[in-house]
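work-v2.pdb follows (PDB, C-alpha atoms):
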```
MODEL        1
ATOM      1  CA  MET J   1      96.055  60.937 151.251
ATOM      2  CA  THR J   2      92.410  61.139 150.313
ATOM      3  CA  GLU J   3      89.777  58.548 149.522
ATOM      4  CA  ALA J   4      90.543  58.910 145.821
ATOM      5  CA  ASP J   5      94.186  58.076 146.509
ATOM      6  CA  GLY J   6      93.099  54.708 147.930
ATOM      7  CA  ASP J   7      91.634  53.579 144.596
ATOM      8  CA  THR J   8      94.431  51.219 143.565
ATOM      9  CA  THR J   9      94.529  47.772 142.050
ATOM     10  CA  GLN J  10      96.148  45.086 144.167
ATOM     11  CA  ALA J  11      97.547  41.865 142.757
ATOM     12  CA  ALA J  12      95.909  38.742 144.153
ATOM     13  CA  GLY J  13      97.484  37.646 147.400
ATOM     14  CA  GLY J  14      99.897  40.542 147.699
ATOM     15  CA  ARG J  15     100.330  42.957 150.573
ATOM     16  CA  LYS J  16      99.363  46.606 150.515
ATOM     17  CA  ILE J  17     102.425  48.639 151.498
ATOM     18  CA  ALA J  18     102.321  52.398 152.046
ATOM     19  CA  VAL J  19     105.646  54.243 152.038
ATOM     20  CA  LEU J  20     104.722  57.547 153.651
ATOM     21  CA  GLY J  21     106.951  60.536 154.203
ATOM     22  CA  GLU J  22     106.461  63.753 156.059
ATOM     23  CA  MET J  23     104.031  66.363 154.793
ATOM     24  CA  LEU J  24     105.939  69.603 154.978
ATOM     25  CA  GLU J  25     104.729  73.183 155.468
ATOM     26  CA  LEU J  26     101.501  72.348 157.347
ATOM     27  CA  GLY J  27     102.241  74.618 160.278
ATOM     28  CA  ASP J  28     100.090  74.146 163.364
ATOM     29  CA  GLN J  29      98.116  71.328 161.734
ATOM     30  CA  ALA J  30     101.170  69.168 161.017
ATOM     31  CA  VAL J  31     100.917  66.725 163.911
ATOM     32  CA  GLU J  32      97.167  66.154 163.546
ATOM     33  CA  ALA J  33      97.483  65.765 159.769
ATOM     34  CA  HIS J  34     100.104  63.047 160.231
ATOM     35  CA  HIS J  35      97.900  61.340 162.822
ATOM     36  CA  GLU J  36      95.013  61.383 160.341
ATOM     37  CA  VAL J  37      97.124  59.743 157.631
ATOM     38  CA  GLY J  38      98.129  57.037 160.116
ATOM     39  CA  ARG J  39      94.468  56.374 160.916
ATOM     40  CA  MET J  40      93.588  56.335 157.211
ATOM     41  CA  ALA J  41      96.257  53.732 156.517
ATOM     42  CA  ALA J  42      94.477  51.394 158.919
ATOM     43  CA  GLU J  43      91.068  52.229 157.436
ATOM     44  CA  TYR J  44      92.321  51.346 153.944
ATOM     45  CA  GLY J  45      93.629  47.999 155.158
ATOM     46  CA  ILE J  46      97.305  48.743 154.649
ATOM     47  CA  ASP J  47      99.434  45.764 155.704
ATOM     48  CA  LEU J  48     102.713  47.629 156.181
ATOM     49  CA  VAL J  49     103.480  51.316 156.679
ATOM     50  CA  VAL J  50     107.054  52.394 156.023
ATOM     51  CA  ALA J  51     107.358  55.864 157.565
ATOM     52  CA  VAL J  52     110.231  57.900 156.120
ATOM     53  CA  GLY J  53     111.641  60.926 157.905
ATOM     54  CA  GLY J  54     111.859  62.371 161.391
ATOM     55  CA  ASP J  55     109.450  63.195 164.185
ATOM     56  CA  LEU J  56     106.346  63.687 162.020
ATOM     57  CA  ALA J  57     106.897  60.366 160.243
ATOM     58  CA  LYS J  58     107.258  58.739 163.658
ATOM     59  CA  GLN J  59     103.933  60.261 164.743
ATOM     60  CA  LEU J  60     102.277  58.881 161.605
ATOM     61  CA  ALA J  61     103.737  55.410 162.203
ATOM     62  CA  LEU J  62     102.748  55.282 165.864
ATOM     63  CA  VAL J  63      99.148  56.219 165.119
ATOM     64  CA  ALA J  64      98.975  53.775 162.193
ATOM     65  CA  GLY J  65     100.095  50.958 164.472
ATOM     66  CA  ALA J  66      97.675  51.953 167.214
ATOM     67  CA  ALA J  67      94.846  52.132 164.641
ATOM     68  CA  GLY J  68      95.478  48.588 163.470
ATOM     69  CA  VAL J  69      98.134  48.512 160.738
ATOM     70  CA  PRO J  70      99.798  45.155 161.494
ATOM     71  CA  ASP J  71     103.371  46.023 160.484
ATOM     72  CA  ILE J  72     105.227  49.315 160.870
ATOM     73  CA  ALA J  73     108.750  50.296 159.876
ATOM     74  CA  MET J  74     110.381  53.649 160.576
ATOM     75  CA  VAL J  75     113.386  54.772 158.550
ATOM     76  CA  GLY J  76     115.244  58.055 158.449
ATOM     77  CA  ASP J  77     115.897  58.466 154.732
ATOM     78  CA  ASN J  78     115.006  57.376 151.212
ATOM     79  CA  GLN J  79     118.094  55.214 150.693
ATOM     80  CA  THR J  80     117.336  53.190 153.821
ATOM     81  CA  ALA J  81     113.676  52.887 152.814
ATOM     82  CA  ALA J  82     114.606  51.581 149.350
ATOM     83  CA  ALA J  83     117.071  49.058 150.791
ATOM     84  CA  TYR J  84     114.498  47.851 153.323
ATOM     85  CA  LEU J  85     111.811  47.479 150.648
ATOM     86  CA  HIS J  86     114.198  45.586 148.355
ATOM     87  CA  SER J  87     114.751  43.115 151.198
ATOM     88  CA  ILE J  88     111.078  42.458 151.974
ATOM     89  CA  LEU J  89     109.080  42.896 148.749
ATOM     90  CA  GLN J  90     107.370  39.809 147.389
ATOM     91  CA  PRO J  91     105.635  39.139 144.066
ATOM     92  CA  GLY J  92     102.118  40.565 144.139
ATOM     93  CA  ASP J  93     102.854  43.325 146.662
ATOM     94  CA  THR J  94     101.427  46.758 145.859
ATOM     95  CA  VAL J  95     103.452  49.786 146.965
ATOM     96  CA  LEU J  96     102.141  53.339 147.337
ATOM     97  CA  VAL J  97     104.779  56.056 147.789
ATOM     98  CA  LYS J  98     103.455  59.408 149.054
ATOM     99  CA  ALA J  99     104.847  62.535 150.735
ATOM    100  CA  SER J 100     105.480  66.202 150.147
ATOM    101  CA  ARG J 101     107.651  66.943 147.147
ATOM    102  CA  GLY J 102     110.423  68.084 149.479
ATOM    103  CA  GLY J 103     110.783  64.530 150.786
ATOM    104  CA  GLN J 104     111.767  63.354 147.299
ATOM    105  CA  LEU J 105     110.188  59.944 147.873
ATOM    106  CA  TRP J 106     110.099  59.425 144.114
ATOM    107  CA  GLN J 107     113.709  58.355 144.673
ATOM    108  CA  ILE J 108     112.394  55.250 146.432
ATOM    109  CA  ALA J 109     110.167  54.401 143.467
ATOM    110  CA  GLN J 110     113.099  54.999 141.132
ATOM    111  CA  ALA J 111     115.326  52.685 143.165
ATOM    112  CA  LEU J 112     112.671  49.948 143.240
ATOM    113  CA  THR J 113     112.163  50.116 139.478
ATOM    114  CA  GLY J 114     115.843  50.343 138.528
ATOM    115  CA  GLN J 115     115.698  53.928 137.299
ATOM    116  CA  PRO J 116     118.448  56.513 137.841
ATOM    117  CA  ILE J 117     117.936  58.395 141.108
ATOM    118  CA  THR J 118     117.138  62.080 140.587
ATOM    119  CA  GLY J 119     116.985  65.035 142.973
ATOM    120  CA  LEU J 120     115.258  68.390 142.890
TER     121      LEU J 120
ENDMDL
END
```
Please re-express this file's structure in structure tokens.
Amino acid sequence: MTEADGDTTQAAGGRKIAVLGEMLELGDQAVEAHHEVGRMAAEYGIDLVVAVGGDLAKQLALVAGAAGVPDIAMVGDNQTAAAYLHSILQPGDTVLVKASRGGQLWQIAQALTGQPITGL
């Protein structure tokens, strides 16, 4: 996630929700990179981080919460993330979905928009 990625339009009154998965293949920098994304979520004023995945997603979520993101959810997979989002989304909410391609988080966007779910 870079500064350019944060240039989104938010509907009036809605929440900013970031659905963030693990960034794969980062090697020794993986933990710090996930910490940085957690900090950036707070800097961008994200209202809710939904962290999808395992240990690295948990690291991201913990740092985001510590940095000031008011609401954090941790889920293990895309299906659970989509079901959770369906249950909490409100009109005007803006949702960013971002991760490595291997996380297939586009499936969450597909589920939220009623599209067929595709894999790799």
Extract, using only C-alpha atoms, all DNA, RNA and protein residues at most 9 Å from Asp77 of chain J, discarding same-chain residues fewer than 2 positions from it, and format them as a VMD selection string. chain J and resid 52 to 54 75 79 to 82 103
Restricting the calculation to all atoms listed in the file: of J:Val49, J:Leu20, J:Leu105, J:Ile72, which residue gets closest to Thr118 of chain J? J:Leu105
Quick one: residues within 12 Å of Leu89 of chain J, only C-alpha atoms counted, chain neighbours fewer than 4 positions away excluded, as a PyMOL selection string? chain J and resi 14-17+48+81-85+93-95+112
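Distances to Gly38 of chain J were evaluated for J:Met23, J:Arg101, J:Ala61, J:Asn78 using all atoms listed in the file, and the minimum falls at J:Ala61.
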Between segment 51-99 of chain J and segment 31-34 of chain J, at 10 Å or less, what are the per-residue closest atom pairs and their distances in Å? Count only C-alpha atoms, order by chain and rising residue number, and return it as a tab-separated table.
```
residue	atom	partner	partner_atom	distance
J:Asp55	CA	J:Val31	CA	9.2
J:Leu56	CA	J:Val31	CA	6.5
J:Ala57	CA	J:His34	CA	7.3
J:Lys58	CA	J:His34	CA	9.0
J:Gln59	CA	J:His34	CA	6.5
J:Leu60	CA	J:His34	CA	4.9
J:Ala61	CA	J:His34	CA	8.7
J:Leu62	CA	J:His34	CA	10.0
J:Val63	CA	J:His34	CA	8.5
J:Ala64	CA	J:His34	CA	9.5
```
Point-to-point distance from atom CA of Ile88 of chain J to atom CA of Asp71 of chain J, Å rounded to tenths: 12.0 Å
Take the point (100.2, 57.0, 151.0) in the file's coordinates, draw a sphere of radius 8 Å around it, and report as a PyMOL selection string every protein, DNA or RNA residue with an atom inside or on it, counting all atoms listed in the file. chain J and resi 1+5+18-20+37+41+96-99
Residue nearest His86 of chain J among J:Ser100, J:Ala111, J:Gly65, J:Trp106 (counting all atoms listed in the file):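 Using all atoms listed in the file, His86 of chain J sits closest to J:Ala111.
Here atom CA of Asp28 of chain J and atom CA of Val50 of chain J stand 24.0 Å from one another.
Note that atom CA of Gln104 of chain J and atom CA of His35 of chain J are 20.9 Å apart.
Each of J:Pro91, J:Gln29, J:Gln110, J:Ile46 was compared to Gly13 of chain J using all atoms listed in the file, and J:Pro91 turns out to be the nearest.
Nearest to Gly21 of chain J of all the residues J:Ala66, J:Ala42, J:Ile117, J:Met74 is J:Met74, based on only C-alpha atoms.
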